[in-house]
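One file, my_file-v2.csv, carrying CSV, N, CA and C atoms:
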chain,number,residue,atom,x,y,z
A,4,MET,N,0.8,-1.2,0.0
A,4,MET,CA,0.0,0.0,0.0
A,4,MET,C,0.9,1.2,0.0
A,5,GLN,N,0.6,2.1,-0.9
A,5,GLN,CA,1.4,3.4,-1.0
A,5,GLN,C,0.6,4.5,-0.4
A,6,VAL,N,1.2,5.3,0.5
A,6,VAL,CA,0.4,6.4,1.2
A,6,VAL,C,1.3,7.7,1.0
A,7,SER,N,0.6,8.8,1.3
A,7,SER,CA,1.3,10.1,1.2
A,7,SER,C,1.2,10.8,2.5
A,8,LEU,N,2.2,11.6,2.8
A,8,LEU,CA,2.2,12.5,4.0
A,8,LEU,C,1.4,13.7,3.6
A,9,LYS,N,0.4,14.1,4.4
A,9,LYS,CA,-0.4,15.3,4.1
A,9,LYS,C,-0.4,16.2,5.3
A,10,PRO,N,-0.5,17.5,5.1
A,10,PRO,CA,-0.6,18.4,6.2
A,10,PRO,C,-1.8,18.2,7.0
A,11,TRP,N,-1.6,18.2,8.4
A,11,TRP,CA,-2.7,18.0,9.3
A,11,TRP,C,-2.4,19.0,10.4
A,12,GLY,N,-3.0,20.2,10.3
A,12,GLY,CA,-2.7,21.3,11.3
A,12,GLY,C,-1.2,21.7,11.2
A,13,ASN,N,-0.5,21.7,12.3
A,13,ASN,CA,0.9,22.0,12.3
A,13,ASN,C,1.8,20.7,12.1
A,14,SER,N,1.2,19.6,11.8
A,14,SER,CA,1.9,18.3,11.7
A,14,SER,C,1.7,17.7,10.3
A,15,GLN,N,2.1,16.5,10.2
A,15,GLN,CA,1.9,15.7,8.9
A,15,GLN,C,1.1,14.5,9.3
A,16,GLY,N,0.3,14.0,8.5
A,16,GLY,CA,-0.5,12.8,8.8
A,16,GLY,C,-0.5,11.8,7.6
A,17,VAL,N,-0.8,10.6,8.0
A,17,VAL,CA,-1.0,9.5,7.0
A,17,VAL,C,-2.3,8.8,7.3
A,18,ARG,N,-3.1,8.5,6.2
A,18,ARG,CA,-4.4,7.8,6.4
A,18,ARG,C,-4.3,6.4,5.9
A,19,PHE,N,-4.9,5.5,6.7
A,19,PHE,CA,-5.0,4.1,6.3
A,19,PHE,C,-6.4,3.7,6.1
A,20,SER,N,-6.7,2.8,5.2
A,20,SER,CA,-8.1,2.3,5.1
A,20,SER,C,-8.5,1.4,6.2
A,21,ARG,N,-9.7,1.3,6.5
A,21,ARG,CA,-10.2,0.5,7.6
A,21,ARG,C,-9.8,-1.0,7.4
A,22,GLU,N,-9.9,-1.4,6.1
A,22,GLU,CA,-9.5,-2.8,5.7
A,22,GLU,C,-8.0,-3.0,6.0
A,23,PHE,N,-7.2,-2.1,5.7
A,23,PHE,CA,-5.7,-2.2,5.9
A,23,PHE,C,-5.5,-2.3,7.4
A,24,LEU,N,-6.1,-1.4,8.2
A,24,LEU,CA,-5.9,-1.5,9.7
A,24,LEU,C,-6.4,-2.8,10.2
A,25,ALA,N,-7.6,-3.3,9.7
A,25,ALA,CA,-8.1,-4.6,10.2
A,25,ALA,C,-7.2,-5.7,9.9
A,26,SER,N,-6.5,-5.7,8.8
A,26,SER,CA,-5.6,-6.7,8.4
A,26,SER,C,-4.4,-6.8,9.4
A,27,ALA,N,-4.1,-5.6,10.0
A,27,ALA,CA,-3.0,-5.5,11.0
A,27,ALA,C,-3.5,-5.7,12.4
A,28,GLY,N,-4.8,-6.0,12.6
A,28,GLY,CA,-5.4,-6.2,13.9
A,28,GLY,C,-5.6,-4.9,14.6
A,29,MET,N,-5.8,-3.8,13.9
A,29,MET,CA,-6.0,-2.5,14.5
A,29,MET,C,-7.3,-1.9,14.1
A,30,LYS,N,-7.8,-1.0,14.8
A,30,LYS,CA,-9.1,-0.3,14.5
A,30,LYS,C,-8.9,1.2,14.8
A,31,PRO,N,-9.8,2.0,14.3
A,31,PRO,CA,-9.8,3.4,14.6
A,31,PRO,C,-9.8,3.7,16.1
A,32,ASP,N,-9.1,4.7,16.6
A,32,ASP,CA,-9.0,5.1,18.0
A,32,ASP,C,-8.1,4.2,18.8
A,33,ASP,N,-7.5,3.1,18.2
A,33,ASP,CA,-6.5,2.4,19.0
A,33,ASP,C,-5.3,3.3,19.3
A,34,VAL,N,-4.7,3.0,20.5
A,34,VAL,CA,-3.5,3.7,20.9
A,34,VAL,C,-2.3,2.9,20.3
A,35,LEU,N,-1.4,3.6,19.6
A,35,LEU,CA,-0.3,3.0,18.9
A,35,LEU,C,1.0,3.5,19.4
A,36,ILE,N,2.0,2.7,19.4
A,36,ILE,CA,3.4,3.1,19.7
A,36,ILE,C,4.1,3.3,18.4
A,37,ALA,N,4.7,4.5,18.2
A,37,ALA,CA,5.4,4.8,16.9
A,37,ALA,C,6.9,4.9,17.2
A,38,GLU,N,7.7,4.2,16.4
A,38,GLU,CA,9.1,4.1,16.5
A,38,GLU,C,9.8,4.4,15.2
A,39,ALA,N,10.8,5.3,15.2
A,39,ALA,CA,11.5,5.6,13.9
A,39,ALA,C,12.9,5.1,14.1
A,40,SER,N,13.4,4.3,13.1
A,40,SER,CA,14.8,3.8,13.1
A,40,SER,C,15.2,3.4,11.7
A,41,GLU,N,16.4,3.9,11.4
A,41,GLU,CA,17.0,3.5,10.1
A,41,GLU,C,16.1,3.8,8.9
A,42,GLY,N,15.5,4.9,8.9
A,42,GLY,CA,14.6,5.3,7.8
A,42,GLY,C,13.3,4.6,7.7
A,43,LYS,N,12.9,4.0,8.8
A,43,LYS,CA,11.6,3.3,8.9
A,43,LYS,C,10.8,3.8,10.0
A,44,ILE,N,9.5,3.8,9.8
A,44,ILE,CA,8.6,4.1,10.9
A,44,ILE,C,7.8,2.9,11.2
A,45,VAL,N,7.7,2.4,12.4
A,45,VAL,CA,7.0,1.2,12.8
A,45,VAL,C,5.9,1.6,13.8
A,46,LEU,N,4.7,1.2,13.5
A,46,LEU,CA,3.6,1.4,14.3
A,46,LEU,C,3.1,0.1,14.9
A,47,ARG,N,2.9,0.0,16.2
A,47,ARG,CA,2.4,-1.2,16.8
A,47,ARG,C,1.4,-0.8,17.9
A,48,LYS,N,0.5,-1.7,18.2
A,48,LYS,CA,-0.5,-1.4,19.3
A,48,LYS,C,0.2,-1.4,20.6
A,49,SER,N,-0.2,-0.5,21.5
A,49,SER,CA,0.3,-0.5,22.8
A,49,SER,C,-0.5,-1.5,23.6
A,50,PHE,N,0.1,-2.0,24.7
A,50,PHE,CA,-0.6,-2.9,25.6
A,50,PHE,C,-1.8,-2.2,26.3
A,51,HIS,N,-2.9,-2.9,26.3
A,51,HIS,CA,-4.1,-2.3,26.9
A,51,HIS,C,-4.7,-3.2,28.0
A,52,HIS,N,-4.7,-2.7,29.2
A,52,HIS,CA,-5.4,-3.4,30.2
A,52,HIS,C,-6.9,-3.3,30.0
A,53,ARG,N,-7.5,-4.4,30.0
A,53,ARG,CA,-9.0,-4.4,29.8
A,53,ARG,C,-9.7,-4.0,31.1
A,54,THR,N,-10.8,-3.2,31.0
A,54,THR,CA,-11.5,-2.9,32.1
A,54,THR,C,-12.4,-4.0,32.5
A,55,LEU,N,-13.0,-4.0,33.7
A,55,LEU,CA,-13.9,-5.0,34.2
A,55,LEU,C,-15.0,-5.2,33.3
A,56,LYS,N,-15.6,-4.0,32.8
A,56,LYS,CA,-16.7,-4.1,31.8
A,56,LYS,C,-16.3,-4.8,30.6
A,57,GLU,N,-15.1,-4.5,30.0
A,57,GLU,CA,-14.6,-5.2,28.8
A,57,GLU,C,-14.5,-6.7,29.0
A,58,ARG,N,-14.0,-7.1,30.2
A,58,ARG,CA,-13.9,-8.5,30.5
A,58,ARG,C,-15.2,-9.2,30.7
A,59,ALA,N,-16.2,-8.5,31.3
A,59,ALA,CA,-17.5,-9.0,31.5
A,59,ALA,C,-18.2,-9.3,30.2
A,60,GLU,N,-17.9,-8.4,29.1
A,60,GLU,CA,-18.6,-8.6,27.8
A,60,GLU,C,-18.3,-10.0,27.2
A,61,GLU,N,-17.1,-10.6,27.6
A,61,GLU,CA,-16.8,-11.9,27.1
A,61,GLU,C,-17.7,-13.0,27.7
A,62,PHE,N,-18.4,-12.6,28.8
A,62,PHE,CA,-19.3,-13.6,29.5
A,62,PHE,C,-20.8,-13.1,29.4
A,63,GLY,N,-21.1,-12.4,28.3
A,63,GLY,CA,-22.5,-11.9,28.1
A,63,GLY,C,-22.8,-10.7,28.9
A,64,GLY,N,-21.8,-10.0,29.4
A,64,GLY,CA,-22.0,-8.7,30.1
A,64,GLY,C,-22.2,-8.9,31.6
A,65,SER,N,-22.1,-10.2,32.1
A,65,SER,CA,-22.2,-10.4,33.5
A,65,SER,C,-21.2,-11.4,34.0
A,66,LEU,N,-20.6,-11.0,35.1
A,66,LEU,CA,-19.6,-11.9,35.7
A,66,LEU,C,-20.2,-12.8,36.8
A,67,ASN,N,-21.4,-12.5,37.2
A,67,ASN,CA,-22.1,-13.3,38.3
A,67,ASN,C,-21.3,-13.2,39.5
A,68,LEU,N,-20.8,-12.1,39.9
A,68,LEU,CA,-20.0,-11.9,41.1
A,68,LEU,C,-20.7,-12.3,42.4
A,69,SER,N,-22.0,-12.2,42.4
A,69,SER,CA,-22.8,-12.5,43.7
A,69,SER,C,-23.1,-14.0,43.8
A,70,GLU,N,-22.8,-14.8,42.9
A,70,GLU,CA,-23.1,-16.2,42.9
A,70,GLU,C,-22.3,-16.9,44.0
A,71,GLU,N,-23.0,-17.7,44.8
A,71,GLU,CA,-22.4,-18.4,45.9
A,71,GLU,C,-21.8,-19.7,45.4
A,72,VAL,N,-20.6,-20.0,45.9
A,72,VAL,CA,-19.9,-21.2,45.4
A,72,VAL,C,-19.8,-22.2,46.6
A,73,THR,N,-20.2,-23.4,46.4
A,73,THR,CA,-20.0,-24.4,47.4
A,73,THR,C,-18.7,-25.2,47.2
A,74,TRP,N,-17.9,-25.2,48.2
A,74,TRP,CA,-16.6,-25.9,48.1
A,74,TRP,C,-16.6,-27.3,48.7
A,75,GLY,N,-17.8,-27.7,49.2
A,75,GLY,CA,-17.8,-29.0,49.8
A,75,GLY,C,-17.6,-29.0,51.3
A,76,ASP,N,-17.6,-30.1,52.0
A,76,ASP,CA,-17.4,-30.2,53.4
A,76,ASP,C,-16.0,-29.9,53.8
A,77,PRO,N,-15.8,-29.3,55.0
A,77,PRO,CA,-14.4,-29.0,55.4
A,77,PRO,C,-13.5,-30.2,55.5
A,78,LYS,N,-12.3,-30.1,55.2
A,78,LYS,CA,-11.3,-31.2,55.3
A,78,LYS,C,-10.2,-30.7,56.2
A,79,GLY,N,-9.7,-31.5,57.1
A,79,GLY,CA,-8.6,-31.1,57.9
A,79,GLY,C,-9.1,-30.2,59.1
A,80,ASN,N,-8.3,-29.2,59.4
A,80,ASN,CA,-8.6,-28.4,60.6
A,80,ASN,C,-9.2,-27.0,60.3
A,81,GLU,N,-9.9,-26.9,59.1
A,81,GLU,CA,-10.5,-25.6,58.8
A,81,GLU,C,-11.7,-25.4,59.8
A,82,VAL,N,-11.9,-24.1,60.1
A,82,VAL,CA,-13.0,-23.7,61.0
A,82,VAL,C,-14.0,-22.9,60.1
A,83,TRP,N,-15.2,-23.3,60.0
A,83,TRP,CA,-16.2,-22.7,59.2
A,83,TRP,C,-17.3,-22.0,60.1

What does the file become when written as structure tokens?
Amino acid sequence: MQVSLKPWGNSQGVRFSREFLASAGMKPDDVLIAEASEGKIVLRKSFHHRTLKERAEEFGGSLNLSEEVTWGDPKGNEVW
């Protein structure tokens, strides 16, 4: 894919198609790390800690945190 640098305010910008970003596992508004070395610019996704809400979405939006768990009868010297 060939792209051009274009003025964007006081800076320069490059635009990528949504399909191109998707092929790299990126989407609009992702936070990227930019590195320049030896005449190359490398963009990569930064590490993102998922919020509790994002994690809950994997389980249908609910983590069932109030659900009681039965661990069975005490074994050994546990006091219940």

I'd like to know which residues of chain A are helix (DSSP H, G or I) (by DSSP, run on the backbone); could you write them as a PyMOL selection string? chain A and resi 21-26+55-60

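Across A:Leu66, A:Val17, A:Leu35, A:Leu24, the tightest approach to Arg47 of chain A is made by A:Leu35 when counting only C-alpha atoms.
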
List every residue of chain A that DSSP, applied to the backbone of this structure, places in strand (DSSP E), and write the result as JSON, numbers by chain. {"A": [9, 10, 11, 14, 15, 16, 35, 36, 37, 38, 39, 40, 43, 44, 45, 46, 47, 48]}

Shell of 10 Å around Lys56 of chain A, only C-alpha atoms, local chain residues under 5 positions omitted, as a PyMOL selection string: chain A and resi 61+64-66

Env of Met29 of chain A: 12 Å cut, atoms = only C-alpha atoms, seq-sep filter 2 positions within chain, self excluded. Answer as a list in words.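 Contacts, with the query itself left out: Phe19, Ser20, Arg21, Glu22, Phe23, Leu24, Ala25, Ser26, Ala27, Pro31, Asp32, Asp33, Val34, Leu35, Leu46, Arg47, Lys48 and Ser49 of chain A.
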
Quick check, in Å to one decimal: how far apart do atom N of Phe50 of chain A and atom C of Glu38 of chain A lie? 15.0 Å

Can you tell me how far atom CA of Val6 of chain A sits from atom CA of Arg18 of chain A, in Å to one decimal? 7.2 Å

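For the pair atom N of Ser7 of chain A and atom N of Gly42 of chain A, the interatomic distance is 17.2 Å.
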